[in-house]
>>> print(open('final12.tsv').read())   # TSV, C-alpha atoms
chain	number	residue	atom	x	y	z
A	1	MET	CA	0.00	0.00	0.00
A	2	ARG	CA	1.30	3.48	-0.84
A	3	LEU	CA	1.06	5.66	2.27
A	4	LEU	CA	1.58	9.32	3.04
A	5	VAL	CA	2.86	9.98	6.56
A	6	THR	CA	2.85	13.67	7.48
A	7	GLY	CA	5.18	14.54	10.32
A	8	GLY	CA	6.96	11.25	9.69
A	9	CYS	CA	10.32	12.59	10.91
A	10	GLY	CA	8.92	13.37	14.36
A	11	TYR	CA	8.98	11.50	17.66
A	12	LYS	CA	6.31	8.96	16.72
A	13	GLY	CA	7.00	9.00	13.00
A	14	SER	CA	10.63	7.98	13.45
A	15	VAL	CA	9.41	4.76	15.10
A	16	LEU	CA	6.33	4.26	12.91
A	17	VAL	CA	7.89	4.64	9.45
A	18	PRO	CA	10.43	1.80	9.83
A	19	LYS	CA	7.58	-0.47	10.95
A	20	LEU	CA	5.51	0.47	7.90
A	21	LEU	CA	8.47	-0.24	5.63
A	22	ALA	CA	9.09	-3.58	7.33
A	23	ALA	CA	5.44	-4.45	6.66
A	24	GLY	CA	6.06	-3.88	2.95
A	25	HIS	CA	4.32	-0.53	2.52
A	26	GLU	CA	5.62	2.16	0.18
A	27	VAL	CA	5.93	5.27	2.34
A	28	VAL	CA	6.10	8.95	1.42
A	29	VAL	CA	7.05	11.13	4.38
A	30	PHE	CA	6.21	14.84	4.24
A	31	ASP	CA	7.81	16.76	7.10
A	32	ILE	CA	9.18	20.25	7.67
A	33	GLN	CA	12.09	18.69	9.61
A	34	TRP	CA	12.31	21.33	12.33
A	35	PHE	CA	14.05	18.72	14.49
A	36	GLY	CA	15.95	16.91	11.74
A	37	ASN	CA	15.51	13.64	9.89
A	38	PHE	CA	16.52	10.41	11.61
A	39	LEU	CA	14.98	8.00	9.10
A	40	ALA	CA	17.40	5.56	7.47
A	41	PRO	CA	17.30	5.36	3.66
A	42	HIS	CA	15.11	2.57	2.28
A	43	PRO	CA	14.11	1.62	-1.28
A	44	LEU	CA	10.41	2.00	-0.39
A	45	LEU	CA	10.86	5.36	1.38
A	46	THR	CA	10.63	8.87	-0.05
A	47	VAL	CA	11.23	11.77	2.34
A	48	ILE	CA	10.07	15.23	1.26
A	49	GLU	CA	11.06	18.27	3.31
A	50	GLY	CA	8.10	20.63	3.19
A	51	ASP	CA	5.58	22.73	5.08
A	52	ILE	CA	2.19	21.02	5.40
A	53	ARG	CA	0.58	24.44	4.92
A	54	ALA	CA	1.87	24.40	1.32
A	55	ILE	CA	-0.82	21.95	0.26
A	56	ASP	CA	0.12	22.19	-3.42
A	57	ARG	CA	3.40	20.46	-2.62
A	58	VAL	CA	1.64	17.42	-1.14
A	59	ASP	CA	1.40	14.81	-3.90
A	60	LEU	CA	-1.40	12.28	-3.32
A	61	ASP	CA	-0.99	10.43	-6.61
A	62	GLY	CA	-1.47	6.72	-5.91
A	63	VAL	CA	-1.79	7.23	-2.14
A	64	ALA	CA	-4.24	4.77	-0.59
A	65	ALA	CA	-4.04	6.01	3.01
A	66	ILE	CA	-2.78	8.97	5.01
A	67	VAL	CA	-1.37	8.85	8.53
A	68	HIS	CA	-1.52	12.48	9.63
A	69	LEU	CA	0.92	13.17	12.47
A	70	SER	CA	1.84	16.78	11.63
A	71	SER	CA	1.07	19.39	14.26
A	72	VAL	CA	2.73	21.88	16.58
A	73	ALA	CA	3.22	19.46	19.44
A	74	ASN	CA	2.43	20.23	23.09
A	75	ASP	CA	0.82	23.15	24.90
A	76	PRO	CA	3.80	25.49	25.45
A	77	CYS	CA	4.95	25.28	21.82
A	78	SER	CA	1.43	25.91	20.56
A	79	ASP	CA	1.13	28.97	22.78
A	80	LEU	CA	4.34	30.46	21.33
A	81	ASP	CA	2.50	31.43	18.15
A	82	PRO	CA	-1.24	30.61	18.24
A	83	LYS	CA	-1.74	31.74	14.63
A	84	LEU	CA	0.96	29.34	13.42
A	85	THR	CA	-0.56	26.56	15.52
A	86	TRP	CA	-4.02	27.02	14.01
A	87	GLU	CA	-2.57	27.17	10.49
A	88	ILE	CA	-0.53	23.97	10.87
A	89	SER	CA	-2.63	21.87	13.23
A	90	CYS	CA	-6.11	22.79	12.00
A	91	LEU	CA	-6.30	24.64	8.69
A	92	ALA	CA	-3.69	22.42	7.03
A	93	THR	CA	-5.59	19.35	8.26
A	94	MET	CA	-8.78	20.65	6.67
A	95	GLN	CA	-6.99	21.33	3.38
A	96	LEU	CA	-5.34	17.92	3.41
A	97	ALA	CA	-8.65	16.16	4.05
A	98	ASP	CA	-10.32	18.02	1.21
A	99	LYS	CA	-7.47	17.24	-1.16
A	100	ALA	CA	-7.55	13.58	-0.08
A	101	ARG	CA	-11.27	13.33	-0.85
A	102	ARG	CA	-10.77	14.87	-4.28
A	103	ALA	CA	-7.83	12.53	-4.99
A	104	GLY	CA	-9.80	9.44	-4.01
A	105	VAL	CA	-7.76	8.54	-0.93
A	106	HIS	CA	-9.71	5.82	0.88
A	107	ARG	CA	-8.25	6.02	4.41
A	108	PHE	CA	-7.33	8.82	6.79
A	109	ILE	CA	-5.77	8.11	10.20
A	110	TYR	CA	-5.44	11.16	12.44
A	111	ALA	CA	-3.24	11.59	15.50
A	112	SER	CA	-5.34	13.67	17.88
A	113	SER	CA	-4.66	13.87	21.63
A	114	GLY	CA	-6.15	12.58	24.85
A	115	SER	CA	-5.72	16.10	26.21
A	116	VAL	CA	-8.78	17.30	24.26
A	117	TYR	CA	-10.89	16.30	27.27
A	118	GLY	CA	-9.37	18.99	29.49
A	119	VAL	CA	-9.64	18.55	33.25
A	120	LYS	CA	-11.96	15.67	34.08
A	121	ALA	CA	-13.04	14.35	37.47
A	122	GLU	CA	-14.52	11.14	36.06
A	123	ASP	CA	-12.66	7.90	36.76
A	124	GLN	CA	-13.53	6.62	33.29
A	125	VAL	CA	-13.00	9.22	30.58
A	126	THR	CA	-14.55	7.65	27.50
A	127	GLU	CA	-14.82	8.90	23.94
A	128	ASP	CA	-18.43	9.98	24.54
A	129	LEU	CA	-17.67	12.63	27.17
A	130	PRO	CA	-17.75	16.30	26.14
A	131	LEU	CA	-14.48	17.93	25.09
A	132	ILE	CA	-13.36	20.99	27.04
A	133	PRO	CA	-9.91	21.80	25.65
A	134	LEU	CA	-7.81	24.27	27.63
A	135	SER	CA	-4.97	25.24	25.30
A	136	GLU	CA	-4.49	26.21	21.68
A	137	TYR	CA	-3.00	22.76	21.12
A	138	ASN	CA	-6.07	21.01	22.53
A	139	LYS	CA	-8.48	23.30	20.68
A	140	THR	CA	-6.86	22.74	17.29
A	141	LYS	CA	-6.98	18.98	17.81
A	142	MET	CA	-10.69	19.12	18.69
A	143	VAL	CA	-11.59	21.23	15.66
A	144	ALA	CA	-9.47	19.09	13.33
A	145	GLU	CA	-11.29	15.98	14.60
A	146	ARG	CA	-14.66	17.50	13.76
A	147	VAL	CA	-13.48	18.55	10.32
A	148	LEU	CA	-12.26	15.03	9.57
A	149	LEU	CA	-15.44	13.38	10.81
A	150	SER	CA	-17.36	15.45	8.26
A	151	TYR	CA	-15.51	13.45	5.58
A	152	ALA	CA	-16.50	10.07	7.04
A	153	GLY	CA	-18.97	9.51	4.21
A	154	ASP	CA	-16.18	9.83	1.64
A	155	MET	CA	-13.38	7.82	3.26
A	156	VAL	CA	-12.60	5.72	6.32
A	157	VAL	CA	-11.68	8.13	9.12
A	158	GLN	CA	-9.85	6.70	12.13
A	159	ILE	CA	-9.02	9.15	14.93
A	160	VAL	CA	-6.64	8.20	17.73
A	161	ARG	CA	-6.61	10.14	21.01
A	162	PRO	CA	-3.32	8.94	22.46
A	163	ALA	CA	-2.23	9.32	26.04
A	164	THR	CA	1.16	10.88	26.75
A	165	VAL	CA	3.65	8.86	24.74
A	166	CYS	CA	6.82	7.55	26.39
A	167	GLY	CA	9.87	5.55	25.37
A	168	TYR	CA	12.86	5.83	23.09
A	169	SER	CA	12.76	7.17	19.54
A	170	PRO	CA	15.62	8.17	17.21
A	171	ARG	CA	13.96	11.64	17.19
A	172	MET	CA	13.77	11.75	20.93
A	173	ARG	CA	11.57	13.93	23.09
A	174	LEU	CA	12.65	14.60	26.66
A	175	ASP	CA	9.81	17.03	27.42
A	176	VAL	CA	7.18	14.37	28.12
A	177	ALA	CA	6.70	13.12	31.67
A	178	VAL	CA	8.24	9.64	31.71
A	179	ASN	CA	11.19	10.51	29.49
A	180	LEU	CA	11.83	13.82	31.29
A	181	LEU	CA	11.85	12.34	34.78
A	182	THR	CA	14.04	9.43	33.67
A	183	MET	CA	16.62	11.81	32.20
A	184	GLN	CA	16.56	13.94	35.38
A	185	ALA	CA	17.31	10.86	37.46
A	186	LEU	CA	20.13	9.76	35.17
A	187	LEU	CA	21.82	13.15	34.98
A	188	ARG	CA	21.30	14.52	38.50
A	189	HIS	CA	20.14	11.60	40.63
A	190	HIS	CA	17.41	14.03	41.60
A	191	ILE	CA	13.85	14.37	40.27
A	192	THR	CA	11.77	17.52	40.59
A	193	VAL	CA	8.03	16.84	40.59
A	194	LEU	CA	5.70	19.80	40.09
A	195	GLY	CA	2.47	19.12	41.96
A	196	GLY	CA	2.52	15.36	41.79
A	197	ASP	CA	-1.16	14.58	42.20
A	198	GLN	CA	-2.08	15.30	38.57
A	199	ILE	CA	-3.05	12.13	36.72
A	200	ARG	CA	-1.58	11.45	33.30
A	201	PRO	CA	-2.53	8.56	31.03
A	202	ASN	CA	0.47	6.97	29.32
A	203	ILE	CA	1.24	4.81	26.29
A	204	HIS	CA	4.52	3.33	25.11
A	205	ILE	CA	5.71	4.60	21.72
A	206	ASP	CA	5.85	1.04	20.36
A	207	ASP	CA	2.20	0.52	21.30
A	208	VAL	CA	0.89	3.71	19.73
A	209	THR	CA	2.84	3.07	16.52
A	210	ASP	CA	1.66	-0.54	16.47
A	211	LEU	CA	-1.86	0.85	16.77
A	212	TYR	CA	-1.49	2.81	13.52
A	213	LEU	CA	-0.46	-0.40	11.74
A	214	PHE	CA	-3.38	-2.22	13.34
A	215	LEU	CA	-5.83	0.39	12.07
A	216	LEU	CA	-4.36	0.21	8.57
A	217	ASP	CA	-5.06	-3.52	8.64
A	218	HIS	CA	-8.57	-3.07	10.05
A	219	PRO	CA	-10.58	-0.43	8.19
A	220	GLU	CA	-13.74	-1.87	9.73
A	221	HIS	CA	-12.77	-0.14	12.98
A	222	HIS	CA	-13.41	3.54	12.36
A	223	GLY	CA	-14.33	6.58	14.41
A	224	ILE	CA	-12.59	7.79	17.57
A	225	PHE	CA	-10.43	5.69	19.88
A	226	ASN	CA	-8.74	6.57	23.15
A	227	ALA	CA	-5.30	4.97	23.41
A	228	GLY	CA	-3.79	4.89	26.88
A	229	PHE	CA	-3.28	2.02	29.30
A	230	GLU	CA	-1.69	3.38	32.48
A	231	ASN	CA	-3.30	6.28	34.35
A	232	LEU	CA	-0.62	7.38	36.80
A	233	SER	CA	0.02	10.46	38.90
A	234	ILE	CA	3.20	12.41	38.17
A	235	LEU	CA	4.51	11.32	41.59
A	236	GLU	CA	3.78	7.67	40.78
A	237	ILE	CA	5.75	8.03	37.53
A	238	ALA	CA	8.69	9.50	39.48
A	239	GLN	CA	8.55	6.63	41.96
A	240	ARG	CA	8.65	4.11	39.09
A	241	VAL	CA	11.68	5.88	37.66
A	242	THR	CA	13.54	5.55	40.97
A	243	GLN	CA	12.97	1.79	40.87
A	244	VAL	CA	15.21	1.72	37.78
A	245	VAL	CA	17.45	4.77	38.37
A	246	PRO	CA	18.10	5.58	42.06
A	247	ALA	CA	17.29	9.23	42.70
A	248	GLU	CA	15.79	11.58	45.29
A	249	ILE	CA	12.34	13.01	44.60
A	250	GLU	CA	11.57	16.66	45.41
A	251	VAL	CA	7.96	17.84	45.18
A	252	LYS	CA	7.29	21.51	44.36
A	253	PRO	CA	4.02	23.44	43.79
A	254	SER	CA	2.56	23.49	40.29
A	255	ASN	CA	0.19	25.83	38.47
A	256	ASP	CA	-0.65	23.15	35.89
A	257	PRO	CA	-4.23	21.99	36.59
A	258	ARG	CA	-4.39	19.34	33.86
A	259	SER	CA	-5.43	16.01	35.32
A	260	TYR	CA	-7.31	13.33	33.46
A	261	ARG	CA	-7.64	9.60	33.00
A	262	ILE	CA	-8.70	7.89	29.82
A	263	ASN	CA	-10.58	4.67	29.29
A	264	SER	CA	-9.54	2.63	26.25
A	265	ASP	CA	-12.17	-0.12	26.38
A	266	ARG	CA	-13.47	0.81	22.93
A	267	LEU	CA	-10.02	0.21	21.45
A	268	LEU	CA	-9.50	-3.02	23.38
A	269	ALA	CA	-12.83	-4.29	22.02
A	270	THR	CA	-11.30	-4.24	18.52
A	271	GLY	CA	-8.77	-6.87	19.57
A	272	PHE	CA	-5.79	-4.52	19.83
A	273	ARG	CA	-3.52	-5.21	22.78
A	274	PRO	CA	-0.55	-3.19	24.10
A	275	ARG	CA	2.77	-4.98	24.50
A	276	LYS	CA	4.77	-2.56	26.64
A	277	ASN	CA	4.34	-0.20	29.59
A	278	VAL	CA	5.87	2.72	31.50
A	279	ALA	CA	8.37	0.51	33.33
A	280	ILE	CA	9.73	-0.79	30.02
A	281	ALA	CA	9.93	2.77	28.64
A	282	ILE	CA	12.00	3.86	31.65
A	283	GLU	CA	14.36	0.91	31.22
A	284	GLU	CA	14.75	1.57	27.47
A	285	VAL	CA	15.45	5.28	27.91
A	286	ALA	CA	17.97	4.54	30.67
A	287	ALA	CA	19.70	1.94	28.49
A	288	ALA	CA	19.91	4.39	25.56
A	289	VAL	CA	21.55	7.03	27.77
A	290	ARG	CA	23.98	4.61	29.36
A	291	SER	CA	25.04	3.26	25.96
A	292	GLY	CA	25.62	6.77	24.60
A	293	THR	CA	22.85	6.41	22.01
A	294	LEU	CA	20.79	9.15	23.67
A	295	LYS	CA	22.15	12.47	24.91
A	296	ASP	CA	20.52	15.39	26.70
A	297	GLU	CA	20.30	17.87	23.80
A	298	ASP	CA	18.24	21.01	23.19
A	299	ARG	CA	16.75	19.33	20.10
A	300	CYS	CA	14.98	16.86	22.42
A	301	TYR	CA	12.96	19.65	24.05
A	302	ASN	CA	10.42	21.08	21.63
A	303	LEU	CA	9.88	24.42	23.37
A	304	ARG	CA	13.57	25.06	23.98
A	305	TRP	CA	14.38	24.27	20.34
A	306	MET	CA	11.62	26.49	18.97
A	307	GLN	CA	12.54	29.36	21.28
A	308	GLN	CA	15.99	29.30	19.72
A	309	GLY	CA	14.34	30.06	16.40
A	310	TYR	CA	14.28	26.62	14.82
A	311	GLY	CA	11.11	26.09	12.82
A	312	ARG	CA	9.80	29.62	13.35
>>> encode(input="final12.tsv", output="structure tokens")
Amino acid sequence: MRLLVTGGCGYKGSVLVPKLLAAGHEVVVFDIQWFGNFLAPHPLLTVIEGDIRAIDRVDLDGVAAIVHLSSVANDPCSDLDPKLTWEISCLATMQLADKARRAGVHRFIYASSGSVYGVKAEDQVTEDLPLIPLSEYNKTKMVAERVLLSYAGDMVVQIVRPATVCGYSPRMRLDVAVNLLTMQALLRHHITVLGGDQIRPNIHIDDVTDLYLFLLDHPEHHGIFNAGFENLSILEIAQRVTQVVPAEIEVKPSNDPRSYRINSDRLLATGFRPRKNVAIAIEEVAAAVRSGTLKDEDRCYNLRWMQQGYGR
């Protein structure tokens, strides 16, 4: 199958694309490459450096399915330039969906976010609960979802609301909870926890990328799916890190109110099963640092990198 993967050079894309190639798919990656390109050359891989807002540059000839990962990722980066965020994460999604319909693309898989729910007190946050997004990032994801669902009569639309992703990727992110706290423990033998009581759902990067392959193989499962399998407080994550990397934990006040759990029963009902967990992610990140494969670099922190002018 010929696939277009937008944002394929990113944190998830750098793990997903090699899996798609190993499965025998022909993959076209379209990515602005703000953080570089860590994809190894492959005879079935074409990598195009480009801005998703330049829709005329996106060639859909022969493309059977799109995996749309492109967005300005995380709340602080989205707040840097809200106009840019809306253009990339929402308007470009609308334009891509319209172009896909006109080109006869049959499948559209969209990487949304579990954070679209906002702050929820419910123990079981299911796909049917109302969305109350708090940030520009969350709002663009919500609107993009609704735009894509309007095309459900023209193509199979599969929307994934992932939990916070953790684990090692060649295009590493160290600004997500599990990875961040693991790196703190490795470098300083000290972990700073802000708040601590906030609940975060988590998913291993291998599981979320396996999910995209699963959905490609199962077009009968369409609509919206939560994808997260461990709802843990920030303090609980820190405590799990110290079981692998000995470190002291210091708790400080936080002004971040976000706290939510997600229920993934709808996804589990399709037959999909996760293979990894937070503990494995911690061990893998620690092993990558100890082997010298992973280093603490500005490129691994989206906000820090963008504040230096990269990508803006």
>>> closest_residue(input="final12.tsv", among="A:Gln124, A:Asn202, A:Gln308, A:Gln239", to="His190 of chain A", atoms="all atoms listed in the file")
A:Gln239
>>> closest_residue(input="final12.tsv", among="A:Val244, A:Met183, A:Leu16, A:Leu96", to="Tyr301 of chain A", atoms="all atoms listed in the file")
A:Met183
>>> residues_around(input="final12.tsv", residues="segment 228-238 of chain A", least_positions_apart="2", cutoff="7 Å", atoms="only C-alpha atoms", output="PDB file with C-alpha atoms, keeping the file's coordinate frame")
ATOM      1  CA  PRO A 162      -3.320   8.940  22.460  1.00  0.00           C
ATOM      2  CA  ALA A 163      -2.230   9.320  26.040  1.00  0.00           C
ATOM      3  CA  VAL A 178       8.240   9.640  31.710  1.00  0.00           C
ATOM      4  CA  LEU A 181      11.850  12.340  34.780  1.00  0.00           C
ATOM      5  CA  VAL A 193       8.030  16.840  40.590  1.00  0.00           C
ATOM      6  CA  GLY A 196       2.520  15.360  41.790  1.00  0.00           C
ATOM      7  CA  ASP A 197      -1.160  14.580  42.200  1.00  0.00           C
ATOM      8  CA  GLN A 198      -2.080  15.300  38.570  1.00  0.00           C
ATOM      9  CA  ILE A 199      -3.050  12.130  36.720  1.00  0.00           C
ATOM     10  CA  ARG A 200      -1.580  11.450  33.300  1.00  0.00           C
ATOM     11  CA  PRO A 201      -2.530   8.560  31.030  1.00  0.00           C
ATOM     12  CA  ASN A 202       0.470   6.970  29.320  1.00  0.00           C
ATOM     13  CA  ILE A 203       1.240   4.810  26.290  1.00  0.00           C
ATOM     14  CA  ASN A 226      -8.740   6.570  23.150  1.00  0.00           C
ATOM     15  CA  ARG A 240       8.650   4.110  39.090  1.00  0.00           C
ATOM     16  CA  VAL A 241      11.680   5.880  37.660  1.00  0.00           C
ATOM     17  CA  THR A 242      13.540   5.550  40.970  1.00  0.00           C
ATOM     18  CA  ARG A 261      -7.640   9.600  33.000  1.00  0.00           C
ATOM     19  CA  ILE A 262      -8.700   7.890  29.820  1.00  0.00           C
ATOM     20  CA  SER A 264      -9.540   2.630  26.250  1.00  0.00           C
TER      21      SER A 264
END
>>> atom_distance(input="final12.tsv", atom1="atom CA of Arg275 of chain A", atom2="atom CA of Thr164 of chain A")
16.1 Å
>>> closest_residue(input="final12.tsv", among="A:Cys90, A:Leu69, A:Cys300, A:Ala281", to="Tyr137 of chain A", atoms="all atoms listed in the file")
A:Cys90
>>> closest_residue(input="final12.tsv", among="A:Leu3, A:Cys9, A:Cys77, A:Ala288", to="Asp175 of chain A", atoms="only C-alpha atoms")
A:Cys77
>>> residues_near_point(input="final12.tsv", point="(-7.0, 20.4, 1.2)", cutoff="12 Å", atoms="all atoms listed in the file", output="MDAnalysis selection string")
chainID A and resid 52:60 90:103 147:148 151
>>> closest_residue(input="final12.tsv", among="A:Gln307, A:Asn302, A:Ser150, A:Ser135", to="Asp256 of chain A", atoms="all atoms listed in the file")
A:Ser135
>>> build_atoms(input="final12.tsv", residues="segment 122-141 of chain A", atoms="N, CA and C atoms", output="JSON list (two decimals), keeping the file's coordinate frame")
[["chain", "number", "residue", "atom", "x", "y", "z"],
["A", 122, "GLU", "N", -14.03, 12.51, 36.22],
["A", 122, "GLU", "CA", -14.52, 11.14, 36.06],
["A", 122, "GLU", "C", -13.38, 10.12, 36.12],
["A", 123, "ASP", "N", -13.65, 8.97, 36.73],
["A", 123, "ASP", "CA", -12.66, 7.90, 36.76],
["A", 123, "ASP", "C", -12.50, 7.24, 35.40],
["A", 124, "GLN", "N", -13.55, 7.27, 34.60],
["A", 124, "GLN", "CA", -13.53, 6.62, 33.29],
["A", 124, "GLN", "C", -13.85, 7.67, 32.22],
["A", 125, "VAL", "N", -12.81, 8.22, 31.62],
["A", 125, "VAL", "CA", -13.00, 9.22, 30.58],
["A", 125, "VAL", "C", -13.09, 8.49, 29.24],
["A", 126, "THR", "N", -14.30, 8.37, 28.74],
["A", 126, "THR", "CA", -14.55, 7.65, 27.50],
["A", 126, "THR", "C", -14.70, 8.64, 26.34],
["A", 127, "GLU", "N", -14.73, 8.08, 25.15],
["A", 127, "GLU", "CA", -14.82, 8.90, 23.94],
["A", 127, "GLU", "C", -16.12, 9.68, 23.85],
["A", 128, "ASP", "N", -17.12, 9.33, 24.63],
["A", 128, "ASP", "CA", -18.43, 9.98, 24.54],
["A", 128, "ASP", "C", -18.56, 11.21, 25.44],
["A", 129, "LEU", "N", -17.58, 11.47, 26.28],
["A", 129, "LEU", "CA", -17.67, 12.63, 27.17],
["A", 129, "LEU", "C", -17.41, 13.91, 26.39],
["A", 130, "PRO", "N", -17.98, 15.03, 26.85],
["A", 130, "PRO", "CA", -17.75, 16.30, 26.14],
["A", 130, "PRO", "C", -16.29, 16.72, 26.21],
["A", 131, "LEU", "N", -15.85, 17.43, 25.16],
["A", 131, "LEU", "CA", -14.48, 17.93, 25.09],
["A", 131, "LEU", "C", -14.45, 19.37, 25.60],
["A", 132, "ILE", "N", -13.53, 19.63, 26.51],
["A", 132, "ILE", "CA", -13.36, 20.99, 27.04],
["A", 132, "ILE", "C", -11.87, 21.32, 26.98],
["A", 133, "PRO", "N", -11.34, 21.56, 25.80],
["A", 133, "PRO", "CA", -9.91, 21.80, 25.65],
["A", 133, "PRO", "C", -9.49, 23.11, 26.31],
["A", 134, "LEU", "N", -8.28, 23.12, 26.88],
["A", 134, "LEU", "CA", -7.81, 24.27, 27.63],
["A", 134, "LEU", "C", -6.82, 25.14, 26.87],
["A", 135, "SER", "N", -6.06, 24.52, 25.97],
["A", 135, "SER", "CA", -4.97, 25.24, 25.30],
["A", 135, "SER", "C", -5.22, 25.33, 23.80],
["A", 136, "GLU", "N", -4.40, 26.13, 23.13],
["A", 136, "GLU", "CA", -4.49, 26.21, 21.68],
["A", 136, "GLU", "C", -4.25, 24.84, 21.06],
["A", 137, "TYR", "N", -3.31, 24.10, 21.61],
["A", 137, "TYR", "CA", -3.00, 22.76, 21.12],
["A", 137, "TYR", "C", -4.24, 21.87, 21.18],
["A", 138, "ASN", "N", -4.88, 21.84, 22.36],
["A", 138, "ASN", "CA", -6.07, 21.01, 22.53],
["A", 138, "ASN", "C", -7.21, 21.45, 21.61],
["A", 139, "LYS", "N", -7.39, 22.76, 21.48],
["A", 139, "LYS", "CA", -8.48, 23.30, 20.68],
["A", 139, "LYS", "C", -8.31, 22.95, 19.21],
["A", 140, "THR", "N", -7.08, 23.06, 18.70],
["A", 140, "THR", "CA", -6.86, 22.74, 17.29],
["A", 140, "THR", "C", -7.11, 21.26, 17.02],
["A", 141, "LYS", "N", -6.74, 20.42, 17.98],
["A", 141, "LYS", "CA", -6.98, 18.98, 17.81],
["A", 141, "LYS", "C", -8.49, 18.69, 17.77]]
